[in-house]
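With JSON, C-alpha atoms inside, this is entry.json:
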[["chain", "number", "residue", "atom", "x", "y", "z"],
["A", 235, "SER", "CA", 56.56, -30.66, -66.57],
["A", 236, "SER", "CA", 54.43, -31.57, -63.59],
["A", 237, "HIS", "CA", 57.33, -31.64, -61.13],
["A", 238, "PRO", "CA", 56.56, -29.37, -58.14],
["A", 239, "SER", "CA", 59.54, -27.12, -58.89],
["A", 240, "GLY", "CA", 59.27, -27.35, -62.69],
["A", 241, "PRO", "CA", 57.79, -24.69, -64.93],
["A", 242, "SER", "CA", 54.10, -23.98, -64.72],
["A", 243, "THR", "CA", 51.82, -23.76, -67.72],
["A", 244, "ASN", "CA", 52.49, -20.01, -68.01],
["A", 245, "GLY", "CA", 56.29, -20.52, -68.19],
["A", 246, "GLN", "CA", 56.92, -19.12, -64.69],
["A", 247, "PRO", "CA", 58.64, -21.34, -62.09],
["A", 248, "ARG", "CA", 56.25, -22.97, -59.70],
["A", 249, "ALA", "CA", 56.52, -22.00, -56.06],
["A", 250, "ARG", "CA", 57.81, -24.78, -53.85],
["A", 251, "THR", "CA", 55.18, -26.06, -51.51],
["A", 252, "ARG", "CA", 55.63, -27.90, -48.24],
["A", 253, "ALA", "CA", 54.75, -31.57, -48.35],
["A", 254, "ARG", "CA", 51.38, -32.03, -46.74],
["A", 255, "MET", "CA", 49.46, -35.02, -45.51],
["A", 256, "PRO", "CA", 47.17, -36.33, -48.25],
["A", 257, "ARG", "CA", 43.48, -35.75, -47.64],
["A", 258, "PRO", "CA", 41.55, -38.95, -46.95],
["A", 259, "LEU", "CA", 39.77, -40.51, -49.90],
["A", 260, "ALA", "CA", 36.01, -40.65, -49.85],
["A", 261, "ALA", "CA", 35.91, -44.31, -48.97],
["A", 262, "SER", "CA", 34.14, -47.19, -47.39],
["A", 263, "THR", "CA", 34.81, -48.06, -43.78],
["A", 264, "HIS", "CA", 37.93, -50.03, -44.67],
["A", 265, "GLY", "CA", 39.29, -48.15, -47.68],
["A", 266, "ALA", "CA", 38.88, -47.58, -51.39],
["A", 267, "LEU", "CA", 41.34, -47.21, -54.23],
["A", 268, "SER", "CA", 41.65, -43.89, -56.00],
["A", 269, "ARG", "CA", 39.31, -43.60, -58.97],
["A", 270, "LYS", "CA", 42.47, -43.48, -61.08],
["A", 271, "CYS", "CA", 43.41, -47.13, -60.56],
["A", 272, "CYS", "CA", 41.97, -50.62, -60.30],
["A", 273, "VAL", "CA", 42.94, -54.15, -59.29],
["A", 274, "ARG", "CA", 43.24, -56.48, -62.27],
["A", 275, "LEU", "CA", 45.24, -59.37, -63.71],
["A", 276, "VAL", "CA", 48.80, -58.32, -64.58],
["A", 277, "ALA", "CA", 51.59, -60.00, -66.53],
["A", 278, "GLY", "CA", 53.95, -62.08, -64.42],
["A", 279, "ALA", "CA", 51.67, -62.05, -61.37],
["A", 280, "ASP", "CA", 48.14, -62.86, -60.36],
["A", 281, "LEU", "CA", 46.58, -59.50, -59.53],
["A", 282, "GLY", "CA", 48.06, -56.04, -59.30],
["A", 283, "VAL", "CA", 47.07, -52.39, -59.05],
["A", 284, "VAL", "CA", 47.06, -50.59, -62.41],
["A", 285, "ALA", "CA", 46.58, -46.90, -63.24],
["A", 286, "THR", "CA", 43.42, -46.23, -65.27],
["A", 287, "ALA", "CA", 44.31, -42.53, -65.64],
["A", 288, "ASP", "CA", 47.51, -40.52, -65.26],
["A", 289, "ILE", "CA", 48.58, -40.13, -61.62],
["A", 290, "GLU", "CA", 50.69, -37.24, -60.32],
["A", 291, "PRO", "CA", 53.46, -37.47, -57.69],
["A", 292, "GLY", "CA", 52.02, -37.05, -54.20],
["A", 293, "GLU", "CA", 48.56, -38.28, -55.18],
["A", 294, "LEU", "CA", 46.82, -40.44, -52.61],
["A", 295, "ILE", "CA", 46.19, -43.90, -54.05],
["A", 296, "LEU", "CA", 44.77, -45.73, -51.05],
["A", 297, "GLU", "CA", 44.12, -45.18, -47.36],
["A", 298, "GLU", "CA", 43.05, -48.43, -45.73],
["A", 299, "LEU", "CA", 42.21, -49.89, -42.34],
["A", 300, "PRO", "CA", 43.73, -53.32, -41.78],
["A", 301, "LEU", "CA", 41.54, -56.41, -41.66],
["A", 302, "PHE", "CA", 43.47, -57.09, -38.45],
["A", 303, "LEU", "CA", 46.82, -56.25, -36.82],
["A", 304, "LEU", "CA", 49.28, -58.44, -34.95],
["A", 305, "ARG", "CA", 51.86, -56.93, -32.61],
["A", 306, "ALA", "CA", 55.48, -58.02, -33.10],
["A", 307, "GLY", "CA", 55.59, -59.39, -29.56],
["A", 308, "GLU", "CA", 52.54, -61.58, -30.16],
["A", 309, "LEU", "CA", 54.07, -62.96, -33.34],
["A", 310, "ALA", "CA", 57.40, -63.64, -31.65],
["A", 311, "GLN", "CA", 55.72, -65.42, -28.73],
["A", 312, "ALA", "CA", 53.68, -67.61, -31.07],
["A", 313, "ALA", "CA", 56.72, -68.28, -33.28],
["A", 314, "ALA", "CA", 58.63, -69.55, -30.24],
["A", 315, "GLN", "CA", 55.84, -72.12, -29.80],
["A", 316, "GLY", "CA", 55.87, -73.24, -33.43],
["A", 317, "CYS", "CA", 53.81, -73.02, -36.60],
["A", 318, "ASP", "CA", 50.65, -74.41, -35.00],
["A", 319, "ALA", "CA", 50.66, -71.60, -32.42],
["A", 320, "GLN", "CA", 51.18, -68.99, -35.16],
["A", 321, "GLU", "CA", 48.33, -70.49, -37.20],
["A", 322, "ALA", "CA", 46.05, -70.45, -34.13],
["A", 323, "LEU", "CA", 46.93, -66.81, -33.34],
["A", 324, "ILE", "CA", 46.12, -65.63, -36.86],
["A", 325, "ARG", "CA", 42.91, -67.67, -37.04],
["A", 326, "SER", "CA", 41.80, -66.25, -33.67],
["A", 327, "ARG", "CA", 42.20, -62.71, -35.07],
["A", 328, "LEU", "CA", 40.47, -63.67, -38.28],
["A", 329, "GLU", "CA", 37.42, -64.90, -36.31],
["A", 330, "HIS", "CA", 36.77, -61.27, -35.30],
["A", 331, "VAL", "CA", 36.81, -60.02, -38.90],
["A", 332, "HIS", "CA", 33.49, -59.61, -40.77],
["A", 333, "THR", "CA", 32.61, -62.30, -43.31],
["A", 334, "ALA", "CA", 33.52, -60.19, -46.36],
["A", 335, "GLY", "CA", 36.90, -59.45, -44.77],
["A", 336, "GLN", "CA", 37.49, -63.14, -44.08],
["A", 337, "ASP", "CA", 36.65, -63.93, -47.70],
["A", 338, "ALA", "CA", 39.07, -61.19, -48.84],
["A", 339, "PHE", "CA", 41.79, -62.65, -46.59],
["A", 340, "TRP", "CA", 41.39, -66.17, -48.01],
["A", 341, "ALA", "CA", 41.36, -64.77, -51.57],
["A", 342, "LEU", "CA", 44.94, -63.51, -51.07],
["A", 343, "ALA", "CA", 47.96, -65.52, -52.20],
["A", 344, "ASP", "CA", 49.84, -68.02, -50.04],
["A", 345, "CYS", "CA", 53.32, -68.42, -51.50],
["A", 346, "HIS", "CA", 54.27, -70.70, -48.58],
["A", 347, "SER", "CA", 51.78, -73.44, -49.50],
["A", 348, "THR", "CA", 53.51, -76.65, -50.51],
["A", 349, "ASP", "CA", 50.46, -78.79, -51.26],
["A", 350, "GLY", "CA", 48.07, -76.19, -52.70],
["A", 351, "GLN", "CA", 46.26, -75.81, -49.38],
["A", 352, "LYS", "CA", 46.35, -72.30, -47.98],
["A", 353, "THR", "CA", 47.05, -71.71, -44.31],
["A", 354, "ALA", "CA", 46.31, -68.56, -42.33],
["A", 355, "LEU", "CA", 50.01, -68.35, -41.49],
["A", 356, "GLY", "CA", 50.98, -68.66, -45.17],
["A", 357, "VAL", "CA", 48.50, -65.98, -46.26],
["A", 358, "PHE", "CA", 49.68, -63.69, -43.44],
["A", 359, "LYS", "CA", 53.39, -64.19, -44.20],
["A", 360, "THR", "CA", 52.78, -63.61, -47.92],
["A", 361, "ASN", "CA", 50.66, -60.45, -47.54],
["A", 362, "ALA", "CA", 51.24, -58.78, -44.17],
["A", 363, "ILE", "CA", 52.50, -55.20, -44.26],
["A", 364, "ALA", "CA", 54.59, -53.83, -41.42],
["A", 365, "GLY", "CA", 52.98, -50.87, -39.72],
["A", 366, "SER", "CA", 55.09, -48.87, -37.35],
["A", 367, "ALA", "CA", 58.81, -49.34, -36.78],
["A", 368, "ASN", "CA", 58.74, -48.40, -33.12],
["A", 369, "VAL", "CA", 58.86, -50.55, -29.97],
["A", 370, "ASP", "CA", 55.14, -51.30, -30.34],
["A", 371, "SER", "CA", 55.48, -52.41, -33.96],
["A", 372, "HIS", "CA", 52.82, -54.42, -35.73],
["A", 373, "SER", "CA", 51.93, -55.99, -39.05],
["A", 374, "GLY", "CA", 48.54, -56.01, -40.72],
["A", 375, "VAL", "CA", 46.72, -57.60, -43.60],
["A", 376, "TYR", "CA", 44.93, -55.26, -46.01],
["A", 377, "ARG", "CA", 42.21, -56.22, -48.47],
["A", 378, "LEU", "CA", 43.43, -53.82, -51.18],
["A", 379, "GLY", "CA", 46.92, -52.93, -49.98],
["A", 380, "ALA", "CA", 47.98, -56.55, -50.39],
["A", 381, "ARG", "CA", 47.22, -56.27, -54.11],
["A", 382, "PHE", "CA", 50.20, -53.98, -54.80],
["A", 383, "ASN", "CA", 53.09, -55.98, -56.23],
["A", 384, "HIS", "CA", 56.70, -55.22, -55.25],
["A", 385, "SER", "CA", 59.53, -53.78, -57.29],
["A", 386, "CYS", "CA", 63.12, -52.64, -56.87],
["A", 387, "LYS", "CA", 61.91, -49.46, -58.59],
["A", 388, "PRO", "CA", 58.61, -48.68, -56.83],
["A", 389, "ASN", "CA", 56.37, -45.81, -57.89],
["A", 390, "VAL", "CA", 54.24, -45.83, -54.73],
["A", 391, "ASN", "CA", 55.30, -45.35, -51.12],
["A", 392, "ARG", "CA", 53.31, -46.71, -48.21],
["A", 393, "CYS", "CA", 53.37, -45.76, -44.56],
["A", 394, "TRP", "CA", 51.35, -46.28, -41.39],
["A", 395, "ILE", "CA", 49.60, -43.12, -40.18],
["A", 396, "GLU", "CA", 49.11, -43.70, -36.46],
["A", 397, "SER", "CA", 46.60, -40.87, -35.99],
["A", 398, "ARG", "CA", 44.36, -42.42, -38.67],
["A", 399, "LYS", "CA", 45.14, -46.08, -37.80],
["A", 400, "ARG", "CA", 45.54, -46.67, -41.53],
["A", 401, "GLN", "CA", 48.14, -47.67, -44.09],
["A", 402, "VAL", "CA", 48.47, -44.91, -46.70],
["A", 403, "PHE", "CA", 49.75, -45.40, -50.26],
["A", 404, "VAL", "CA", 50.97, -42.32, -52.19],
["A", 405, "ALA", "CA", 52.42, -41.99, -55.71],
["A", 406, "THR", "CA", 56.11, -41.04, -55.67],
["A", 407, "GLN", "CA", 56.33, -40.15, -59.35],
["A", 408, "GLU", "CA", 54.21, -39.63, -62.43],
["A", 409, "ILE", "CA", 52.42, -42.86, -63.35],
["A", 410, "ALA", "CA", 50.86, -43.04, -66.81],
["A", 411, "ALA", "CA", 47.52, -44.71, -67.39],
["A", 412, "GLY", "CA", 48.01, -48.42, -68.05],
["A", 413, "LEU", "CA", 51.11, -48.82, -65.89],
["A", 414, "GLU", "CA", 51.22, -51.01, -62.81],
["A", 415, "LEU", "CA", 51.71, -49.43, -59.39],
["A", 416, "PHE", "CA", 54.45, -50.99, -57.25],
["A", 417, "VAL", "CA", 55.58, -50.67, -53.63],
["A", 418, "TYR", "CA", 59.05, -51.38, -52.24],
["A", 419, "TYR", "CA", 60.03, -54.81, -50.86]]

Exercise: express the given structure as structure tokens:
Amino acid sequence: SSHPSGPSTNGQPRARTRARMPRPLAASTHGALSRKCCVRLVAGADLGVVATADIEPGELILEELPLFLLRAGELAQAAAQGCDAQEALIRSRLEHVHTAGQDAFWALADCHSTDGQKTALGVFKTNAIAGSANVDSHSGVYRLGARFNHSCKPNVNRCWIESRKRQVFVATQEIAAGLELFVYY
């Protein structure tokens, strides 16, 4: 067994270890997936993150900077003014993102589109990930983090690490090669 408290390979119980912060991945400026997974077409969805090798519980899958963040207060203020104000707010943030990041943003799904035309608001609402849950909460859009599909039985946990200004994705259980990685709703 590979459970932290399960037997070791020599038959002796493993010593319990304190949970520790995952070490950052060797990555680009914005983030890189673990070498043990990739983004590819998956059944029942467009793209998803799939294990290419066995992944152990606690393994770091992704540590990523957001393309941009929006504070909850900014979103609420724009929402009070209507959809056009929300669209303008998101587009104004997107203008400050490098070209490759803008392309990555527009490549994401927009499940709110009714006529096949994507909007910045639709892409944001479909893909934004909440960061912190404190008074100064925010949501961000992530080039790779947005590629994780959701499940009622996730095998990956994600959380905002304030000191790193990054969203971190960590395996919560053993994930066999070939299986899709999921986050919670």

Sort by chain and increasing residue number a table of all residues of stretch 311-382 of chain A within 12 Å of stretch 268-276 of chain A, each with its closest pair of atoms and their distance in Å to one decimal, counting all atoms listed in the file, and write it as CSV.
residue,atom,partner,partner_atom,distance
A:Arg377,CA,A:Val273,CA,11.0
A:Leu378,CA,A:Val273,CA,8.1
A:Gly379,CA,A:Val273,CA,10.2
A:Ala380,CA,A:Val273,CA,10.5
A:Arg381,CA,A:Val273,CA,7.0
A:Phe382,CA,A:Val273,CA,8.5

Counting only C-alpha atoms, what is within 12 Å of A:Gln401, bar same-chain residues fewer than 3 positions away, as an NGL selection string?
:A and (258 or 264-266 or 294-303 or 362-366 or 372-380 or 391-398 or 404)

Counting only C-alpha atoms, the residue among A:Ala341, A:Ala310, A:Ile289, A:Leu267 that lies closest to A:Val402 is A:Leu267

Closest of A:Ser385, A:Glu408, A:Arg305, A:Gln315 to A:Arg327 - atom-to-atom distances counting only C-alpha atoms
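Of A:Ser385, A:Glu408, A:Arg305, A:Gln315, the one nearest A:Arg327, counting only C-alpha atoms, is A:Arg305.
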
Between atom CA of A:Asp370 and atom CA of A:Leu304, what is the distance in Å, rounded to a tenth?
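A separation of 10.3 Å between them.
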